[in-house]
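Before any comments, here is the structure.
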Amino acid sequence: MAPAAEHDVPIPYMQRTREYYLKLGYPAYRWAHFADVPFAPLTTPLARARLALITTAAPYRPGVGDQGPRAPYNAAAKFYRVYSEPTDTIPDLRISHVGYDRVHTTADDPNTWLPLAQLQGAVKAGRIGALAPRLHGAPTNRSQRVTMETDAPELLRRCRDDGADAALLVPS
Amino acid sequence: MSLVARHLEADGLPTVIMGCAKDIVEHCGVPRFLFSDFPLGNSAGRPGDVESQALTLELALRVLESAPAARTTVQSPLRWSDDAAWKLDFSNLERMTPEQIAERRREFDEIKAIAKSKREAS
């Protein structure tokens with residue numbers, strides 16, 4: 001086995017972004033950071049469990065600019081309240097409103113940020129008991145305080161209302 | 001998203017995150033994390049590659065089932081490409097000209113202004 005290149009490590013996003021903002025003249029962002037991490041064991045076997053899906057993707061809205069593959073960063077496509085969509089079809093959700101890697105990915109395959117088709121297949125195959133009837137959208141442009149005090153409790157409430165036993169969270 | 005996972009978990013709802021930003025997620029501290037060493041935007045697998053999307057979900061499900069404690073990270077064995085040069089590009093000032101940096105700054109101000117007005121209107 002040949003050794004890997006020095007730079008072949010997970011990208012240090014915090015360091016890159018800090019240096020980047022500094023050069024652009026903006027104050028440094030403080031990422032959320034905790035010493036303690038909660039842990040709840042999965043008590044229902046997955047084959048009998050109901051799984052919730054939470055995404056940061058945004059529902060496509062005509063009239064707020066380019067949201068398609070290769071679209072430039074589109075702040076107008078952002079959303080600021082938790083939303084829900086049914087999981088028995090595939091809703092049209094896009095990621096033009098977040099800072100994905102626009103050099104090395106084009107966002108032309110929604111399955112790279114929304115594993116809903118795979119989840120539907122996993123239910124059919126008996127790997128998962130069921131999908132919660134709705135998926136839920138988590139806003140991305142709020143302060144950490146708003147995420148913790150408003151959005152996260154709302155997402156929890158919706159997962160509980162749907163009878164979820166566990167949740168899969170997919171940031172884009 | 002890490003904050004949401006923590007909130008659900010604290011209430012007794014088990015979670016797993018699929019993601020590509022290893023340092024940011026681990027800095028926050030989450031219960032379970034399936035890390036794919038792919039460009040941001042590909043948390044659920046490679047574009048046009050159904051097999052990679054299936055494997056990514058299966059790995060996340062196994063992490064959900066079997067993590068022994070909080071802060072469990074599993075890295076997907078999949079590679080974006082044989083050449084890791086793509087990792088040098090993201091927001092890398094050393095690879096940008098002063099003109100590109102000025103352009104980014106202008107874009108950033110514009111984006112911030114749009115987001116601010118939308119947030120205030122919401």
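By order of appearance in the structure tokens: chains A, B, ..., then residues from 1 within every chain, and ligands from 1 in the order shown.
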
DSSP says strand (DSSP E or B) for which residues of chain B? Put them as a compact mmCIF listing (two decimals) with N, CA and C atoms, in the first residue's frame?
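Done, and the output landed in states_14.txt:
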```txt
# COMPACT_ATOMS: atom_id res chain seq x y z
N THR B 15 -30.11 9.56 17.24
CA THR B 15 -29.86 10.22 15.96
C THR B 15 -28.57 9.72 15.33
N VAL B 16 -28.50 9.88 14.02
CA VAL B 16 -27.22 9.74 13.32
C VAL B 16 -27.15 10.83 12.26
N ILE B 17 -25.98 11.46 12.14
CA ILE B 17 -25.76 12.48 11.13
C ILE B 17 -24.93 11.87 10.01
N MET B 18 -25.31 12.18 8.75
CA MET B 18 -24.46 11.87 7.59
C MET B 18 -23.87 13.19 7.15
N GLY B 19 -22.56 13.28 7.03
CA GLY B 19 -22.01 14.58 6.64
C GLY B 19 -20.61 14.52 6.09
N ARG B 32 -23.71 10.37 17.06
CA ARG B 32 -23.28 9.41 16.03
C ARG B 32 -23.11 10.14 14.70
N PHE B 33 -22.04 9.80 13.98
CA PHE B 33 -21.68 10.55 12.77
C PHE B 33 -21.07 9.62 11.74
N LEU B 34 -21.70 9.56 10.57
CA LEU B 34 -21.12 8.83 9.44
C LEU B 34 -20.47 9.88 8.55
N PHE B 35 -19.15 9.87 8.51
CA PHE B 35 -18.41 10.88 7.76
C PHE B 35 -18.01 10.36 6.40
N THR B 72 -19.33 8.89 18.49
CA THR B 72 -18.89 7.82 17.59
C THR B 72 -18.87 8.35 16.16
N THR B 73 -17.68 8.39 15.55
CA THR B 73 -17.56 8.74 14.13
C THR B 73 -17.08 7.52 13.37
N VAL B 74 -17.76 7.21 12.29
CA VAL B 74 -17.27 6.18 11.36
C VAL B 74 -17.01 6.87 10.03
N GLN B 75 -15.86 6.62 9.43
CA GLN B 75 -15.55 7.20 8.13
C GLN B 75 -15.86 6.20 7.03
```

Please report as number ranges by chain which residues of chain A come no farther than 7 Å from chain B, using only C-alpha atoms. A: 8, 10-14, 16-17, 20, 24, 32-34, 37-42, 75-76, 80, 100-101, 104-105, 109, 111-115, 118, 148, 152, 156, 165-172

Would you put the residues from that selection into a file with N, CA and C atoms, as a tab-separated table (two decimals), in the first residue's frame?
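Final file, out01.tsv:
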```tsv
chain	number	residue	atom	x	y	z
A	8	ASP	N	-3.93	14.78	2.03
A	8	ASP	CA	-5.07	13.86	1.89
A	8	ASP	C	-5.66	13.53	3.26
A	10	PRO	N	-9.19	14.94	5.96
A	10	PRO	CA	-10.44	15.71	5.91
A	10	PRO	C	-10.14	17.22	5.88
A	11	ILE	N	-10.82	17.96	5.04
A	11	ILE	CA	-10.55	19.40	4.91
A	11	ILE	C	-10.74	20.10	6.26
A	12	PRO	N	-9.74	20.89	6.69
A	12	PRO	CA	-9.92	21.66	7.94
A	12	PRO	C	-10.79	22.89	7.69
A	13	TYR	N	-12.12	22.67	7.66
A	13	TYR	CA	-13.04	23.75	7.28
A	13	TYR	C	-12.98	24.94	8.22
A	14	MET	N	-12.86	24.68	9.52
A	14	MET	CA	-12.87	25.81	10.47
A	14	MET	C	-11.65	26.70	10.24
A	16	ARG	N	-9.78	26.91	7.47
A	16	ARG	CA	-9.88	27.57	6.15
A	16	ARG	C	-10.83	28.75	6.21
A	17	THR	N	-11.97	28.54	6.86
A	17	THR	CA	-13.00	29.57	6.87
A	17	THR	C	-12.56	30.76	7.73
A	20	TYR	N	-10.14	32.75	5.75
A	20	TYR	CA	-10.86	33.33	4.62
A	20	TYR	C	-11.63	34.59	5.06
A	24	LEU	N	-11.06	38.62	4.20
A	24	LEU	CA	-12.14	39.43	3.64
A	24	LEU	C	-12.55	40.57	4.59
A	32	ALA	N	-20.21	26.13	17.12
A	32	ALA	CA	-20.74	25.54	18.35
A	32	ALA	C	-19.75	24.51	18.88
A	33	HIS	N	-19.62	24.45	20.19
A	33	HIS	CA	-18.59	23.60	20.79
A	33	HIS	C	-19.03	23.20	22.20
A	34	PHE	N	-19.11	21.90	22.44
A	34	PHE	CA	-19.55	21.42	23.75
A	34	PHE	C	-18.63	20.31	24.23
A	37	VAL	N	-21.77	15.45	25.48
A	37	VAL	CA	-22.59	15.03	24.35
A	37	VAL	C	-23.64	14.03	24.84
A	38	PRO	N	-24.93	14.34	24.59
A	38	PRO	CA	-25.98	13.40	25.04
A	38	PRO	C	-25.95	12.12	24.21
A	39	PHE	N	-26.47	11.05	24.78
A	39	PHE	CA	-26.51	9.77	24.06
A	39	PHE	C	-27.74	8.98	24.49
A	40	ALA	N	-28.56	8.62	23.52
A	40	ALA	CA	-29.75	7.81	23.79
A	40	ALA	C	-29.63	6.52	22.98
A	41	PRO	N	-29.50	5.37	23.63
A	41	PRO	CA	-29.37	4.12	22.88
A	41	PRO	C	-30.61	3.84	22.05
A	42	LEU	N	-30.43	3.19	20.91
A	42	LEU	CA	-31.56	2.76	20.08
A	42	LEU	C	-32.17	1.52	20.73
A	75	ALA	N	-28.95	33.29	-1.66
A	75	ALA	CA	-29.48	33.57	-0.32
A	75	ALA	C	-30.99	33.76	-0.35
A	76	ALA	N	-31.54	34.16	-1.51
A	76	ALA	CA	-32.99	34.38	-1.60
A	76	ALA	C	-33.77	33.07	-1.50
A	80	TYR	N	-36.61	30.16	6.76
A	80	TYR	CA	-36.33	30.56	8.14
A	80	TYR	C	-37.24	29.90	9.15
A	100	TYR	N	-22.24	24.70	-0.38
A	100	TYR	CA	-21.61	23.42	-0.77
A	100	TYR	C	-20.41	23.69	-1.67
A	101	ASP	N	-19.65	22.66	-1.97
A	101	ASP	CA	-18.41	22.83	-2.74
A	101	ASP	C	-18.75	23.04	-4.22
A	104	HIS	N	-16.14	21.48	-6.93
A	104	HIS	CA	-16.01	20.04	-7.18
A	104	HIS	C	-17.32	19.27	-7.16
A	105	THR	N	-18.44	19.97	-7.05
A	105	THR	CA	-19.71	19.25	-7.17
A	105	THR	C	-20.74	20.19	-7.79
A	109	ASP	N	-27.62	15.83	-8.81
A	109	ASP	CA	-28.29	14.60	-8.36
A	109	ASP	C	-28.78	14.78	-6.92
A	111	ASN	N	-30.09	12.93	-4.91
A	111	ASN	CA	-29.80	11.80	-4.02
A	111	ASN	C	-28.49	11.96	-3.25
A	112	THR	N	-27.68	12.93	-3.63
A	112	THR	CA	-26.43	13.15	-2.89
A	112	THR	C	-26.67	13.96	-1.62
A	113	TRP	N	-27.83	14.63	-1.53
A	113	TRP	CA	-28.11	15.37	-0.28
A	113	TRP	C	-29.43	14.93	0.37
A	114	LEU	N	-30.25	14.18	-0.36
A	114	LEU	CA	-31.53	13.73	0.20
A	114	LEU	C	-31.67	12.22	-0.03
A	115	PRO	N	-31.36	11.40	0.97
A	115	PRO	CA	-31.35	9.94	0.75
A	115	PRO	C	-32.74	9.32	0.82
A	118	GLN	N	-33.32	6.08	-1.29
A	118	GLN	CA	-32.62	4.97	-0.61
A	118	GLN	C	-33.40	4.53	0.63
A	148	MET	N	-31.07	26.51	18.70
A	148	MET	CA	-31.27	25.75	19.94
A	148	MET	C	-32.60	26.04	20.60
A	152	ALA	N	-34.71	23.64	16.86
A	152	ALA	CA	-34.50	22.27	17.36
A	152	ALA	C	-35.72	21.77	18.15
A	156	LEU	N	-37.99	18.54	17.06
A	156	LEU	CA	-38.25	17.46	18.02
A	156	LEU	C	-39.76	17.21	18.14
A	165	ASP	N	-38.91	6.73	16.09
A	165	ASP	CA	-38.07	6.04	17.09
A	165	ASP	C	-36.62	6.51	17.01
A	166	ALA	N	-36.24	7.11	15.88
A	166	ALA	CA	-34.87	7.57	15.67
A	166	ALA	C	-34.90	8.57	14.51
A	167	ALA	N	-33.81	9.33	14.35
A	167	ALA	CA	-33.76	10.32	13.27
A	167	ALA	C	-32.44	10.27	12.53
A	168	LEU	N	-32.53	10.42	11.21
A	168	LEU	CA	-31.35	10.55	10.34
A	168	LEU	C	-31.27	12.01	9.92
A	169	LEU	N	-30.14	12.65	10.21
A	169	LEU	CA	-29.98	14.07	9.90
A	169	LEU	C	-28.94	14.22	8.79
A	170	VAL	N	-29.33	14.95	7.75
A	170	VAL	CA	-28.43	15.07	6.60
A	170	VAL	C	-28.21	16.54	6.26
A	171	PRO	N	-27.11	17.12	6.77
A	171	PRO	CA	-26.78	18.50	6.38
A	171	PRO	C	-26.30	18.52	4.93
A	172	SER	N	-26.58	19.60	4.22
A	172	SER	CA	-26.08	19.71	2.85
A	172	SER	C	-25.09	20.85	2.84
```

Spatial neighbours of stretch 137-142 of chain A, 9 Å, only C-alpha atoms, chain gap at least 6 places, as a PDB file with N, CA and C atoms, in the first residue's frame:
```
ATOM      1  N   LEU A  53     -36.516  11.688   8.889  1.00  0.00           N
ATOM      2  CA  LEU A  53     -35.455  12.280   8.072  1.00  0.00           C
ATOM      3  C   LEU A  53     -35.496  13.798   8.229  1.00  0.00           C
ATOM      4  N   ILE A  54     -34.332  14.368   8.558  1.00  0.00           N
ATOM      5  CA  ILE A  54     -34.227  15.827   8.692  1.00  0.00           C
ATOM      6  C   ILE A  54     -33.160  16.320   7.726  1.00  0.00           C
ATOM      7  N   THR A  55     -33.485  17.355   6.970  1.00  0.00           N
ATOM      8  CA  THR A  55     -32.605  17.867   5.914  1.00  0.00           C
ATOM      9  C   THR A  55     -32.416  19.374   6.055  1.00  0.00           C
ATOM     10  N   THR A  56     -31.318  19.881   5.495  1.00  0.00           N
ATOM     11  CA  THR A  56     -31.157  21.337   5.410  1.00  0.00           C
ATOM     12  C   THR A  56     -31.493  21.842   4.008  1.00  0.00           C
ATOM     13  N   ALA A  57     -31.903  20.933   3.125  1.00  0.00           N
ATOM     14  CA  ALA A  57     -32.270  21.350   1.767  1.00  0.00           C
ATOM     15  C   ALA A  57     -33.553  22.193   1.811  1.00  0.00           C
ATOM     16  N   ALA A  58     -33.751  22.999   0.767  1.00  0.00           N
ATOM     17  CA  ALA A  58     -34.880  23.940   0.734  1.00  0.00           C
ATOM     18  C   ALA A  58     -35.864  23.563  -0.365  1.00  0.00           C
ATOM     19  N   PRO A  59     -37.167  23.692  -0.090  1.00  0.00           N
ATOM     20  CA  PRO A  59     -38.148  23.448  -1.157  1.00  0.00           C
ATOM     21  C   PRO A  59     -37.906  24.405  -2.330  1.00  0.00           C
ATOM     22  N   LYS A  78     -33.203  30.802   0.727  1.00  0.00           N
ATOM     23  CA  LYS A  78     -33.158  30.301   2.115  1.00  0.00           C
ATOM     24  C   LYS A  78     -34.559  30.269   2.725  1.00  0.00           C
ATOM     25  N   PHE A  79     -34.699  29.485   3.793  1.00  0.00           N
ATOM     26  CA  PHE A  79     -35.969  29.471   4.540  1.00  0.00           C
ATOM     27  C   PHE A  79     -35.638  29.654   6.014  1.00  0.00           C
ATOM     28  N   TYR A  80     -36.609  30.161   6.755  1.00  0.00           N
ATOM     29  CA  TYR A  80     -36.331  30.564   8.137  1.00  0.00           C
ATOM     30  C   TYR A  80     -37.239  29.896   9.153  1.00  0.00           C
ATOM     31  N   ARG A  81     -38.113  29.028   8.674  1.00  0.00           N
ATOM     32  CA  ARG A  81     -38.962  28.260   9.586  1.00  0.00           C
ATOM     33  C   ARG A  81     -38.912  26.795   9.214  1.00  0.00           C
ATOM     34  N   VAL A  82     -39.027  25.939  10.216  1.00  0.00           N
ATOM     35  CA  VAL A  82     -39.074  24.499   9.983  1.00  0.00           C
ATOM     36  C   VAL A  82     -40.252  24.199   9.048  1.00  0.00           C
ATOM     37  N   TYR A  83     -40.016  23.351   8.054  1.00  0.00           N
ATOM     38  CA  TYR A  83     -41.103  22.921   7.167  1.00  0.00           C
ATOM     39  C   TYR A  83     -41.152  21.398   7.138  1.00  0.00           C
ATOM     40  N   SER A  84     -42.252  20.840   6.650  1.00  0.00           N
ATOM     41  CA  SER A  84     -42.381  19.386   6.522  1.00  0.00           C
ATOM     42  C   SER A  84     -42.930  19.041   5.145  1.00  0.00           C
ATOM     43  N   GLU A  85     -42.517  17.895   4.633  1.00  0.00           N
ATOM     44  CA  GLU A  85     -42.977  17.412   3.322  1.00  0.00           C
ATOM     45  C   GLU A  85     -43.259  15.916   3.467  1.00  0.00           C
ATOM     46  N   HIS A  97     -29.000  27.347  -1.579  1.00  0.00           N
ATOM     47  CA  HIS A  97     -28.972  28.336  -0.499  1.00  0.00           C
ATOM     48  C   HIS A  97     -27.876  28.053   0.538  1.00  0.00           C
ATOM     49  N   VAL A  98     -27.067  27.010   0.301  1.00  0.00           N
ATOM     50  CA  VAL A  98     -25.995  26.719   1.275  1.00  0.00           C
ATOM     51  C   VAL A  98     -24.635  26.697   0.561  1.00  0.00           C
ATOM     52  N   ASP A 151     -35.714  26.328  16.536  1.00  0.00           N
ATOM     53  CA  ASP A 151     -35.813  25.322  15.470  1.00  0.00           C
ATOM     54  C   ASP A 151     -35.686  23.894  16.006  1.00  0.00           C
ATOM     55  N   ALA A 152     -34.705  23.642  16.863  1.00  0.00           N
ATOM     56  CA  ALA A 152     -34.500  22.265  17.357  1.00  0.00           C
ATOM     57  C   ALA A 152     -35.723  21.771  18.154  1.00  0.00           C
ATOM     58  N   LEU A 155     -38.399  20.882  15.619  1.00  0.00           N
ATOM     59  CA  LEU A 155     -38.082  19.635  14.912  1.00  0.00           C
ATOM     60  C   LEU A 155     -38.355  18.429  15.819  1.00  0.00           C
ATOM     61  N   PRO A 171     -27.107  17.123   6.770  1.00  0.00           N
ATOM     62  CA  PRO A 171     -26.778  18.498   6.378  1.00  0.00           C
ATOM     63  C   PRO A 171     -26.299  18.522   4.933  1.00  0.00           C
TER      64      PRO A 171
ATOM     65  N   MET B   1     -27.009  21.603  12.192  1.00  0.00           N
ATOM     66  CA  MET B   1     -27.608  20.276  12.251  1.00  0.00           C
ATOM     67  C   MET B   1     -27.111  19.498  13.464  1.00  0.00           C
ATOM     68  N   VAL B   4     -29.175  20.301  16.396  1.00  0.00           N
ATOM     69  CA  VAL B   4     -30.473  19.618  16.357  1.00  0.00           C
ATOM     70  C   VAL B   4     -30.309  18.181  16.845  1.00  0.00           C
ATOM     71  N   ALA B 115     -29.917  37.989   2.831  1.00  0.00           N
ATOM     72  CA  ALA B 115     -30.325  37.117   3.938  1.00  0.00           C
ATOM     73  C   ALA B 115     -30.901  37.941   5.081  1.00  0.00           C
ATOM     74  N   ARG B 119     -34.609  37.544   6.482  1.00  0.00           N
ATOM     75  CA  ARG B 119     -34.771  37.094   7.861  1.00  0.00           C
ATOM     76  C   ARG B 119     -35.685  38.052   8.615  1.00  0.00           C
TER      77      ARG B 119
END
```

Computed interatomic separation between atom CA of A:Pro110 and atom CA of A:Asp162 (Å):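 Pair atom CA of A:Pro110 / atom CA of A:Asp162 returns 24.2 Å.
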
Report, in Å to a single decimal, how far apart atom CA of A:Pro133 and atom CA of A:Asp88 are.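 Atom CA of A:Pro133 lies at a distance of 7.1 Å from atom CA of A:Asp88.
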
Close residues, A:Ala28 itself excluded, 8 Å, only C-alpha atoms, min 3 positions apart in chain, as a ChimeraX atom specification: /A:18,21-22

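Picture a line from atom CA of A:Leu46 to atom CA of A:Arg157; it runs 21.2 Å.
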
Restricting to only C-alpha atoms, whichever of A:Ala35, A:Ala117, A:Ala52, A:Ala4 is closest to A:Ile90 is A:Ala117
